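Chemist: Handing over coords-v4.txt, compact mmCIF, N, CA and C atoms.
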```
# COMPACT_ATOMS: atom_id res chain seq x y z
N MET A 1 14.99 -7.41 20.62
CA MET A 1 15.00 -6.00 20.28
C MET A 1 14.08 -5.28 21.26
N GLY A 2 14.58 -4.20 21.86
CA GLY A 2 13.80 -3.43 22.81
C GLY A 2 12.78 -2.55 22.12
N MET A 3 11.88 -1.99 22.91
CA MET A 3 10.83 -1.13 22.37
C MET A 3 11.41 0.10 21.67
N ALA A 4 12.44 0.70 22.25
CA ALA A 4 13.06 1.87 21.63
C ALA A 4 13.70 1.50 20.29
N ASP A 5 14.35 0.33 20.23
CA ASP A 5 14.96 -0.13 18.98
C ASP A 5 13.89 -0.37 17.91
N ALA A 6 12.78 -0.95 18.31
CA ALA A 6 11.68 -1.22 17.37
C ALA A 6 11.13 0.09 16.82
N GLU A 7 10.98 1.09 17.69
CA GLU A 7 10.46 2.39 17.26
C GLU A 7 11.45 3.08 16.32
N ARG A 8 12.75 2.98 16.62
CA ARG A 8 13.77 3.56 15.75
C ARG A 8 13.74 2.89 14.38
N GLN A 9 13.63 1.57 14.37
CA GLN A 9 13.57 0.82 13.12
C GLN A 9 12.33 1.21 12.31
N LYS A 10 11.22 1.36 13.00
CA LYS A 10 9.97 1.77 12.35
C LYS A 10 10.13 3.16 11.73
N GLY A 11 10.76 4.06 12.49
CA GLY A 11 11.00 5.42 11.99
C GLY A 11 11.92 5.43 10.78
N LYS A 12 12.95 4.57 10.83
CA LYS A 12 13.89 4.47 9.71
C LYS A 12 13.17 3.96 8.47
N LYS A 13 12.33 2.93 8.63
CA LYS A 13 11.58 2.39 7.50
C LYS A 13 10.62 3.43 6.93
N HIS A 14 9.98 4.20 7.81
CA HIS A 14 9.05 5.24 7.36
C HIS A 14 9.80 6.29 6.54
N THR A 15 10.97 6.72 7.04
CA THR A 15 11.77 7.71 6.33
C THR A 15 12.20 7.18 4.97
N GLU A 16 12.65 5.94 4.94
CA GLU A 16 13.08 5.31 3.70
C GLU A 16 11.92 5.22 2.70
N ALA A 17 10.76 4.82 3.18
CA ALA A 17 9.58 4.73 2.31
C ALA A 17 9.18 6.11 1.79
N SER A 18 9.22 7.11 2.65
CA SER A 18 8.87 8.47 2.24
C SER A 18 9.83 8.97 1.16
N GLN A 19 11.12 8.70 1.34
CA GLN A 19 12.11 9.12 0.35
C GLN A 19 11.88 8.42 -1.00
N LEU A 20 11.60 7.13 -0.95
CA LEU A 20 11.32 6.40 -2.19
C LEU A 20 10.09 6.95 -2.89
N PHE A 21 9.06 7.23 -2.11
CA PHE A 21 7.82 7.79 -2.66
C PHE A 21 8.11 9.13 -3.35
N CYS A 22 8.81 10.03 -2.65
CA CYS A 22 9.12 11.35 -3.20
C CYS A 22 10.01 11.23 -4.44
N ASN A 23 10.96 10.32 -4.40
CA ASN A 23 11.84 10.09 -5.54
C ASN A 23 11.04 9.61 -6.75
N HIS A 24 10.12 8.72 -6.52
CA HIS A 24 9.28 8.19 -7.60
C HIS A 24 8.44 9.32 -8.22
N ILE A 25 7.84 10.14 -7.37
CA ILE A 25 7.02 11.26 -7.84
C ILE A 25 7.88 12.26 -8.62
N SER A 26 9.07 12.57 -8.10
CA SER A 26 9.92 13.55 -8.76
C SER A 26 10.37 13.10 -10.15
N ARG A 27 10.38 11.80 -10.38
CA ARG A 27 10.73 11.25 -11.69
C ARG A 27 9.51 11.11 -12.59
N ASN A 28 8.39 11.64 -12.14
CA ASN A 28 7.13 11.59 -12.88
C ASN A 28 6.69 10.16 -13.18
N ARG A 29 6.99 9.26 -12.27
CA ARG A 29 6.51 7.88 -12.38
C ARG A 29 5.17 7.78 -11.68
N LEU A 30 4.25 7.11 -12.31
CA LEU A 30 2.91 6.98 -11.77
C LEU A 30 2.90 5.98 -10.61
N ILE A 31 2.19 6.35 -9.58
CA ILE A 31 2.01 5.50 -8.42
C ILE A 31 0.54 5.09 -8.40
N TYR A 32 0.30 3.83 -8.10
CA TYR A 32 -1.06 3.31 -8.05
C TYR A 32 -1.44 3.00 -6.60
N THR A 33 -2.69 3.22 -6.28
CA THR A 33 -3.26 2.77 -5.02
C THR A 33 -4.72 2.42 -5.26
N THR A 34 -5.33 1.81 -4.28
CA THR A 34 -6.74 1.46 -4.41
C THR A 34 -7.56 2.20 -3.36
N ASP A 35 -8.85 2.22 -3.58
CA ASP A 35 -9.73 2.84 -2.60
C ASP A 35 -9.71 2.07 -1.29
N TYR A 36 -9.47 0.77 -1.34
CA TYR A 36 -9.37 -0.02 -0.10
C TYR A 36 -8.13 0.38 0.70
N VAL A 37 -7.01 0.59 0.00
CA VAL A 37 -5.78 1.01 0.68
C VAL A 37 -5.98 2.40 1.28
N LEU A 38 -6.63 3.29 0.55
CA LEU A 38 -6.89 4.63 1.10
C LEU A 38 -7.77 4.55 2.34
N ASP A 39 -8.73 3.66 2.33
CA ASP A 39 -9.59 3.46 3.50
C ASP A 39 -8.73 3.13 4.71
N GLU A 40 -7.85 2.14 4.57
CA GLU A 40 -6.98 1.75 5.68
C GLU A 40 -6.03 2.88 6.08
N THR A 41 -5.49 3.58 5.09
CA THR A 41 -4.54 4.65 5.35
C THR A 41 -5.19 5.80 6.11
N PHE A 42 -6.34 6.24 5.63
CA PHE A 42 -7.01 7.36 6.29
C PHE A 42 -7.46 6.98 7.71
N THR A 43 -7.92 5.75 7.87
CA THR A 43 -8.31 5.28 9.20
C THR A 43 -7.11 5.32 10.14
N LEU A 44 -5.97 4.86 9.66
CA LEU A 44 -4.75 4.88 10.47
C LEU A 44 -4.31 6.30 10.81
N PHE A 45 -4.40 7.21 9.85
CA PHE A 45 -4.06 8.61 10.12
C PHE A 45 -4.85 9.13 11.31
N PHE A 46 -6.16 8.91 11.29
CA PHE A 46 -7.02 9.48 12.33
C PHE A 46 -6.89 8.74 13.67
N LYS A 47 -6.37 7.52 13.65
CA LYS A 47 -6.11 6.80 14.90
C LYS A 47 -4.82 7.29 15.56
N ARG A 48 -3.81 7.61 14.74
CA ARG A 48 -2.47 7.89 15.27
C ARG A 48 -2.09 9.36 15.33
N LEU A 49 -2.76 10.20 14.57
CA LEU A 49 -2.37 11.61 14.49
C LEU A 49 -3.46 12.50 15.05
N SER A 50 -3.09 13.74 15.30
CA SER A 50 -4.11 14.72 15.67
C SER A 50 -5.05 14.88 14.48
N SER A 51 -6.25 15.36 14.74
CA SER A 51 -7.22 15.54 13.65
C SER A 51 -6.67 16.44 12.55
N PHE A 52 -5.98 17.49 12.95
CA PHE A 52 -5.42 18.42 11.96
C PHE A 52 -4.38 17.73 11.08
N LYS A 53 -3.43 17.03 11.72
CA LYS A 53 -2.38 16.33 10.95
C LYS A 53 -2.98 15.22 10.10
N ALA A 54 -3.96 14.51 10.64
CA ALA A 54 -4.60 13.43 9.89
C ALA A 54 -5.27 13.99 8.64
N GLN A 55 -6.02 15.08 8.79
CA GLN A 55 -6.71 15.67 7.65
C GLN A 55 -5.72 16.24 6.65
N SER A 56 -4.66 16.88 7.13
CA SER A 56 -3.63 17.41 6.24
C SER A 56 -2.97 16.30 5.44
N SER A 57 -2.68 15.19 6.10
CA SER A 57 -2.07 14.05 5.42
C SER A 57 -3.00 13.46 4.37
N ALA A 58 -4.26 13.31 4.73
CA ALA A 58 -5.25 12.79 3.78
C ALA A 58 -5.38 13.74 2.59
N ASP A 59 -5.40 15.04 2.86
CA ASP A 59 -5.50 16.03 1.78
C ASP A 59 -4.31 15.97 0.83
N LEU A 60 -3.10 15.73 1.37
CA LEU A 60 -1.92 15.60 0.51
C LEU A 60 -2.08 14.45 -0.47
N ILE A 61 -2.56 13.34 0.02
CA ILE A 61 -2.77 12.18 -0.85
C ILE A 61 -3.87 12.46 -1.87
N LEU A 62 -4.97 13.02 -1.40
CA LEU A 62 -6.07 13.33 -2.32
C LEU A 62 -5.64 14.32 -3.40
N ASN A 63 -4.86 15.32 -3.03
CA ASN A 63 -4.37 16.28 -4.02
C ASN A 63 -3.45 15.62 -5.03
N ALA A 64 -2.62 14.68 -4.58
CA ALA A 64 -1.75 13.95 -5.51
C ALA A 64 -2.60 13.14 -6.49
N ILE A 65 -3.71 12.61 -6.01
CA ILE A 65 -4.63 11.88 -6.90
C ILE A 65 -5.26 12.85 -7.90
N TYR A 66 -5.75 13.98 -7.41
CA TYR A 66 -6.38 14.97 -8.29
C TYR A 66 -5.39 15.53 -9.31
N ASP A 67 -4.10 15.64 -8.89
CA ASP A 67 -3.07 16.17 -9.78
C ASP A 67 -2.51 15.12 -10.74
N GLY A 68 -2.94 13.88 -10.60
CA GLY A 68 -2.50 12.83 -11.50
C GLY A 68 -1.18 12.18 -11.13
N GLN A 69 -0.66 12.48 -9.92
CA GLN A 69 0.59 11.85 -9.48
C GLN A 69 0.35 10.44 -8.94
N ILE A 70 -0.85 10.21 -8.47
CA ILE A 70 -1.25 8.90 -7.98
C ILE A 70 -2.49 8.48 -8.74
N GLN A 71 -2.48 7.26 -9.25
CA GLN A 71 -3.63 6.70 -9.96
C GLN A 71 -4.47 5.90 -8.97
N LEU A 72 -5.70 6.33 -8.76
CA LEU A 72 -6.60 5.62 -7.86
C LEU A 72 -7.35 4.56 -8.63
N GLU A 73 -7.19 3.32 -8.20
CA GLU A 73 -7.91 2.19 -8.79
C GLU A 73 -9.00 1.76 -7.82
N ARG A 74 -10.20 1.69 -8.30
CA ARG A 74 -11.33 1.30 -7.45
C ARG A 74 -11.55 -0.21 -7.54
N ILE A 75 -11.98 -0.76 -6.43
CA ILE A 75 -12.30 -2.19 -6.40
C ILE A 75 -13.73 -2.35 -6.90
N SER A 76 -13.81 -2.71 -8.16
CA SER A 76 -15.09 -2.89 -8.84
C SER A 76 -15.72 -4.23 -8.40
N PRO A 77 -16.97 -4.46 -8.77
CA PRO A 77 -17.56 -5.77 -8.47
C PRO A 77 -16.75 -6.94 -9.03
N ASP A 78 -16.20 -6.80 -10.23
CA ASP A 78 -15.38 -7.88 -10.80
C ASP A 78 -14.10 -8.09 -9.99
N ARG A 79 -13.47 -6.99 -9.61
CA ARG A 79 -12.26 -7.09 -8.79
C ARG A 79 -12.59 -7.68 -7.42
N PHE A 80 -13.72 -7.30 -6.88
CA PHE A 80 -14.15 -7.85 -5.59
C PHE A 80 -14.32 -9.37 -5.70
N GLN A 81 -14.97 -9.81 -6.76
CA GLN A 81 -15.18 -11.24 -6.96
C GLN A 81 -13.86 -11.99 -7.10
N THR A 82 -12.93 -11.41 -7.85
CA THR A 82 -11.61 -12.04 -8.00
C THR A 82 -10.88 -12.07 -6.66
N THR A 83 -11.05 -11.03 -5.86
CA THR A 83 -10.45 -11.01 -4.53
C THR A 83 -11.03 -12.12 -3.66
N CYS A 84 -12.32 -12.34 -3.76
CA CYS A 84 -12.95 -13.45 -3.03
C CYS A 84 -12.34 -14.79 -3.46
N GLU A 85 -12.07 -14.92 -4.76
CA GLU A 85 -11.43 -16.14 -5.26
C GLU A 85 -10.01 -16.27 -4.72
N PHE A 86 -9.29 -15.14 -4.63
CA PHE A 86 -7.95 -15.15 -4.04
C PHE A 86 -8.01 -15.56 -2.57
N ARG A 87 -9.04 -15.08 -1.87
CA ARG A 87 -9.16 -15.43 -0.45
C ARG A 87 -9.25 -16.95 -0.30
N LYS A 88 -10.05 -17.59 -1.18
CA LYS A 88 -10.16 -19.05 -1.16
C LYS A 88 -8.84 -19.70 -1.57
N ARG A 89 -8.23 -19.17 -2.60
CA ARG A 89 -6.97 -19.73 -3.12
C ARG A 89 -5.87 -19.68 -2.06
N PHE A 90 -5.84 -18.62 -1.27
CA PHE A 90 -4.79 -18.44 -0.27
C PHE A 90 -5.33 -18.62 1.15
N GLN A 91 -6.26 -19.55 1.31
CA GLN A 91 -6.84 -19.78 2.64
C GLN A 91 -5.81 -20.32 3.63
N ASP A 92 -4.71 -20.86 3.11
CA ASP A 92 -3.64 -21.32 3.99
C ASP A 92 -2.81 -20.15 4.54
N LYS A 93 -3.15 -18.93 4.12
CA LYS A 93 -2.47 -17.72 4.58
C LYS A 93 -3.53 -16.75 5.15
N PRO A 94 -4.14 -17.12 6.26
CA PRO A 94 -5.26 -16.32 6.80
C PRO A 94 -4.89 -14.93 7.28
N SER A 95 -3.61 -14.67 7.49
CA SER A 95 -3.23 -13.34 7.98
C SER A 95 -3.13 -12.30 6.86
N ILE A 96 -3.26 -12.73 5.61
CA ILE A 96 -3.28 -11.75 4.51
C ILE A 96 -4.65 -11.09 4.49
N SER A 97 -4.64 -9.77 4.59
CA SER A 97 -5.91 -9.05 4.65
C SER A 97 -6.62 -9.05 3.30
N PHE A 98 -7.91 -8.84 3.35
CA PHE A 98 -8.70 -8.73 2.12
C PHE A 98 -8.22 -7.54 1.30
N THR A 99 -7.82 -6.48 1.98
CA THR A 99 -7.28 -5.31 1.28
C THR A 99 -6.02 -5.68 0.51
N ASP A 100 -5.10 -6.42 1.15
CA ASP A 100 -3.88 -6.85 0.46
C ASP A 100 -4.21 -7.74 -0.73
N LEU A 101 -5.15 -8.65 -0.54
CA LEU A 101 -5.55 -9.51 -1.65
C LEU A 101 -6.14 -8.70 -2.79
N SER A 102 -6.94 -7.69 -2.47
CA SER A 102 -7.52 -6.85 -3.53
C SER A 102 -6.42 -6.08 -4.26
N SER A 103 -5.39 -5.67 -3.53
CA SER A 103 -4.25 -5.00 -4.17
C SER A 103 -3.54 -5.96 -5.12
N MET A 104 -3.40 -7.20 -4.71
CA MET A 104 -2.77 -8.20 -5.56
C MET A 104 -3.55 -8.41 -6.85
N VAL A 105 -4.86 -8.39 -6.74
CA VAL A 105 -5.72 -8.54 -7.93
C VAL A 105 -5.46 -7.39 -8.89
N VAL A 106 -5.43 -6.18 -8.38
CA VAL A 106 -5.19 -5.00 -9.22
C VAL A 106 -3.78 -5.06 -9.81
N MET A 107 -2.81 -5.44 -9.00
CA MET A 107 -1.43 -5.53 -9.50
C MET A 107 -1.31 -6.53 -10.64
N GLN A 108 -1.96 -7.68 -10.50
CA GLN A 108 -1.92 -8.66 -11.58
C GLN A 108 -2.61 -8.12 -12.83
N GLU A 109 -3.76 -7.51 -12.64
CA GLU A 109 -4.52 -6.97 -13.76
C GLU A 109 -3.73 -5.92 -14.54
N LEU A 110 -3.03 -5.05 -13.82
CA LEU A 110 -2.29 -3.94 -14.44
C LEU A 110 -0.83 -4.28 -14.71
N ASP A 111 -0.44 -5.52 -14.44
CA ASP A 111 0.93 -5.98 -14.63
C ASP A 111 1.93 -5.14 -13.84
N ILE A 112 1.62 -4.93 -12.58
CA ILE A 112 2.49 -4.20 -11.65
C ILE A 112 3.22 -5.23 -10.79
N GLN A 113 4.53 -5.13 -10.72
CA GLN A 113 5.31 -6.09 -9.94
C GLN A 113 5.81 -5.51 -8.62
N HIS A 114 6.13 -4.23 -8.60
CA HIS A 114 6.75 -3.62 -7.43
C HIS A 114 5.72 -2.98 -6.52
N ILE A 115 5.91 -3.21 -5.23
CA ILE A 115 4.99 -2.63 -4.25
C ILE A 115 5.79 -2.05 -3.09
N LEU A 116 5.45 -0.82 -2.73
CA LEU A 116 6.05 -0.17 -1.57
C LEU A 116 5.21 -0.52 -0.35
N THR A 117 5.75 -1.40 0.47
CA THR A 117 5.02 -1.87 1.64
C THR A 117 5.98 -2.43 2.67
N GLY A 118 5.54 -2.44 3.88
CA GLY A 118 6.29 -3.11 4.94
C GLY A 118 5.73 -4.50 5.18
N ASP A 119 4.85 -4.92 4.32
CA ASP A 119 4.11 -6.17 4.48
C ASP A 119 4.69 -7.26 3.57
N ALA A 120 5.24 -8.29 4.16
CA ALA A 120 5.87 -9.37 3.39
C ALA A 120 4.86 -10.31 2.74
N HIS A 121 3.57 -10.14 3.04
CA HIS A 121 2.56 -11.03 2.46
C HIS A 121 2.62 -11.08 0.94
N PHE A 122 3.04 -10.00 0.34
CA PHE A 122 3.06 -9.95 -1.12
C PHE A 122 4.08 -10.91 -1.72
N THR A 123 5.07 -11.29 -0.94
CA THR A 123 6.05 -12.27 -1.43
C THR A 123 5.66 -13.69 -1.05
N HIS A 124 4.73 -13.85 -0.14
CA HIS A 124 4.31 -15.18 0.32
C HIS A 124 3.38 -15.90 -0.65
N VAL A 125 2.85 -15.18 -1.63
CA VAL A 125 1.87 -15.78 -2.53
C VAL A 125 2.48 -16.27 -3.84
N ASN A 126 3.76 -16.04 -4.02
CA ASN A 126 4.48 -16.51 -5.21
C ASN A 126 3.83 -16.07 -6.52
N LEU A 127 3.46 -14.79 -6.57
CA LEU A 127 2.89 -14.24 -7.80
C LEU A 127 3.87 -13.30 -8.51
N GLY A 128 5.12 -13.29 -8.05
CA GLY A 128 6.15 -12.48 -8.70
C GLY A 128 6.25 -11.05 -8.23
N PHE A 129 5.59 -10.71 -7.13
CA PHE A 129 5.65 -9.34 -6.63
C PHE A 129 6.99 -9.09 -5.94
N LEU A 130 7.52 -7.89 -6.12
CA LEU A 130 8.77 -7.48 -5.49
C LEU A 130 8.49 -6.34 -4.54
N VAL A 131 8.80 -6.54 -3.29
CA VAL A 131 8.57 -5.54 -2.26
C VAL A 131 9.74 -4.57 -2.24
N ILE A 132 9.42 -3.28 -2.29
CA ILE A 132 10.48 -2.29 -2.13
C ILE A 132 10.31 -1.65 -0.76
N PRO A 133 11.36 -1.24 -0.13
CA PRO A 133 12.64 -0.81 -0.69
C PRO A 133 13.67 -1.91 -0.90
N GLU A 134 13.40 -3.15 -0.58
CA GLU A 134 14.41 -4.20 -0.73
C GLU A 134 15.00 -4.30 -2.14
N ILE A 135 14.24 -3.90 -3.17
CA ILE A 135 14.76 -4.03 -4.53
C ILE A 135 15.72 -2.91 -4.90
N TYR A 136 15.77 -1.85 -4.11
CA TYR A 136 16.65 -0.72 -4.43
C TYR A 136 17.99 -0.88 -3.77
```
Show how you would write the structure in this file as structure tokens.
Modeler:
Amino acid sequence: MGMADAERQKGKKHTEASQLFCNHISRNRLIYTTDYVLDETFTLFFKRLSSFKAQSSADLILNAIYDGQIQLERISPDRFQTTCEFRKRFQDKPSISFTDLSSMVVMQELDIQHILTGDAHFTHVNLGFLVIPEIY
């Protein structure tokens, strides 16, 4: 696959994810995220976008949190400890980030199965997680 094809595929996936996100919000379904995921997201915004677009994008997410459309889950000391245990449990999968592991901890705790991500790591741990958009 050439570089242009990869970029087109990436753009298609982004559009699909954005549509799923908007569809979920329009149905008044609660979306969950963690402070660790927001950390990575905001960092990526400011690496890839102009400062204005990055801040606008961050503000959109923060406003959705303030408006109750997105539930922000914080990684507490207990969740952090469980994530450390997951890191040991899945040491045979070193490419899974600590952030992803912390998300898995929260998902298990809140009995969340579906995750909107381009990251297949969530299916590699055999914890019953379903990555979307593949489920739609």
Chemist: So which one's closest to Thr82 (chain A), A:Ala54, A:Ile70, A:Val105, A:Leu110? Using all atoms listed in the file, please.
Modeler: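 Using all atoms listed in the file, the shortest distance to Thr82 (chain A) belongs to A:Val105.
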Chemist: Please provide as a VMD selection string all residues within 7 Å of Ala58 (chain A), with the sequence filter that same-chain residues fewer than 5 positions apart are discarded (counting all atoms listed in the file).
Modeler: chain A and resid 42 53 63
Chemist: Which of region 53-113 of chain A counts as strand (DSSP E or B) under DSSP, as a PDB file with N, CA and C atoms, keeping the file's coordinate frame please?
Modeler:
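Saved result, states_2.pdb, follows:
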```pdb
ATOM      1  N   ILE A  70      -0.850  10.210  -8.470  1.00  0.00           N
ATOM      2  CA  ILE A  70      -1.250   8.900  -7.980  1.00  0.00           C
ATOM      3  C   ILE A  70      -2.490   8.480  -8.740  1.00  0.00           C
ATOM      4  N   GLN A  71      -2.480   7.260  -9.250  1.00  0.00           N
ATOM      5  CA  GLN A  71      -3.630   6.700  -9.960  1.00  0.00           C
ATOM      6  C   GLN A  71      -4.470   5.900  -8.970  1.00  0.00           C
ATOM      7  N   LEU A  72      -5.700   6.330  -8.760  1.00  0.00           N
ATOM      8  CA  LEU A  72      -6.600   5.620  -7.860  1.00  0.00           C
ATOM      9  C   LEU A  72      -7.350   4.560  -8.630  1.00  0.00           C
ATOM     10  N   GLU A  73      -7.190   3.320  -8.200  1.00  0.00           N
ATOM     11  CA  GLU A  73      -7.910   2.190  -8.790  1.00  0.00           C
ATOM     12  C   GLU A  73      -9.000   1.760  -7.820  1.00  0.00           C
TER      13      GLU A  73
END
```
Chemist: Report, in Å with one decimal, the straight-line distance from atom N of Ile31 (chain A) to atom N of Ser103 (chain A).
Modeler: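 Atom N of Ser103 (chain A) lies at a distance of 15.4 Å from atom N of Ile31 (chain A).
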Chemist: Determine, counting only C-alpha atoms, every residue of protein, DNA or RNA that lies within 7 Å of (-11.4, -2.4, -6.6) in the file coordinates, then give the result as a PDB file with N, CA and C atoms, keeping the file's coordinate frame.
Modeler:
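Produced file selection.pdb, reproduced below:
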```
ATOM      1  N   THR A  34      -5.330   1.810  -4.280  1.00  0.00           N
ATOM      2  CA  THR A  34      -6.740   1.460  -4.410  1.00  0.00           C
ATOM      3  C   THR A  34      -7.560   2.200  -3.360  1.00  0.00           C
ATOM      4  N   ASP A  35      -8.850   2.220  -3.580  1.00  0.00           N
ATOM      5  CA  ASP A  35      -9.730   2.840  -2.600  1.00  0.00           C
ATOM      6  C   ASP A  35      -9.710   2.070  -1.290  1.00  0.00           C
ATOM      7  N   GLU A  73      -7.190   3.320  -8.200  1.00  0.00           N
ATOM      8  CA  GLU A  73      -7.910   2.190  -8.790  1.00  0.00           C
ATOM      9  C   GLU A  73      -9.000   1.760  -7.820  1.00  0.00           C
ATOM     10  N   ARG A  74     -10.200   1.690  -8.300  1.00  0.00           N
ATOM     11  CA  ARG A  74     -11.330   1.300  -7.450  1.00  0.00           C
ATOM     12  C   ARG A  74     -11.550  -0.210  -7.540  1.00  0.00           C
ATOM     13  N   ILE A  75     -11.980  -0.760  -6.430  1.00  0.00           N
ATOM     14  CA  ILE A  75     -12.300  -2.190  -6.400  1.00  0.00           C
ATOM     15  C   ILE A  75     -13.730  -2.350  -6.900  1.00  0.00           C
ATOM     16  N   SER A  76     -13.810  -2.710  -8.160  1.00  0.00           N
ATOM     17  CA  SER A  76     -15.090  -2.890  -8.840  1.00  0.00           C
ATOM     18  C   SER A  76     -15.720  -4.230  -8.400  1.00  0.00           C
ATOM     19  N   ARG A  79     -13.470  -6.990  -9.610  1.00  0.00           N
ATOM     20  CA  ARG A  79     -12.260  -7.090  -8.790  1.00  0.00           C
ATOM     21  C   ARG A  79     -12.590  -7.680  -7.420  1.00  0.00           C
ATOM     22  N   PHE A  80     -13.720  -7.300  -6.880  1.00  0.00           N
ATOM     23  CA  PHE A  80     -14.150  -7.850  -5.590  1.00  0.00           C
ATOM     24  C   PHE A  80     -14.320  -9.370  -5.700  1.00  0.00           C
ATOM     25  N   SER A 102      -6.940  -7.690  -2.470  1.00  0.00           N
ATOM     26  CA  SER A 102      -7.520  -6.850  -3.530  1.00  0.00           C
ATOM     27  C   SER A 102      -6.420  -6.080  -4.260  1.00  0.00           C
TER      28      SER A 102
END
```
Chemist: Figure out the distance between atom N of Ser56 (chain A) and atom C of Val106 (chain A), please, to one decimal in Å.
Modeler: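 So the two atoms, atom C of Val106 (chain A) and atom N of Ser56 (chain A), lie 27.7 Å apart.
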Chemist: Go through A:His114, A:Phe45, A:Asn23, A:Glu40 and flag the residue nearest Ser57 (chain A), using only N, CA and C atoms for the distances.
Modeler: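 Answer, going by the shortest atom-to-atom distance: A:Phe45.
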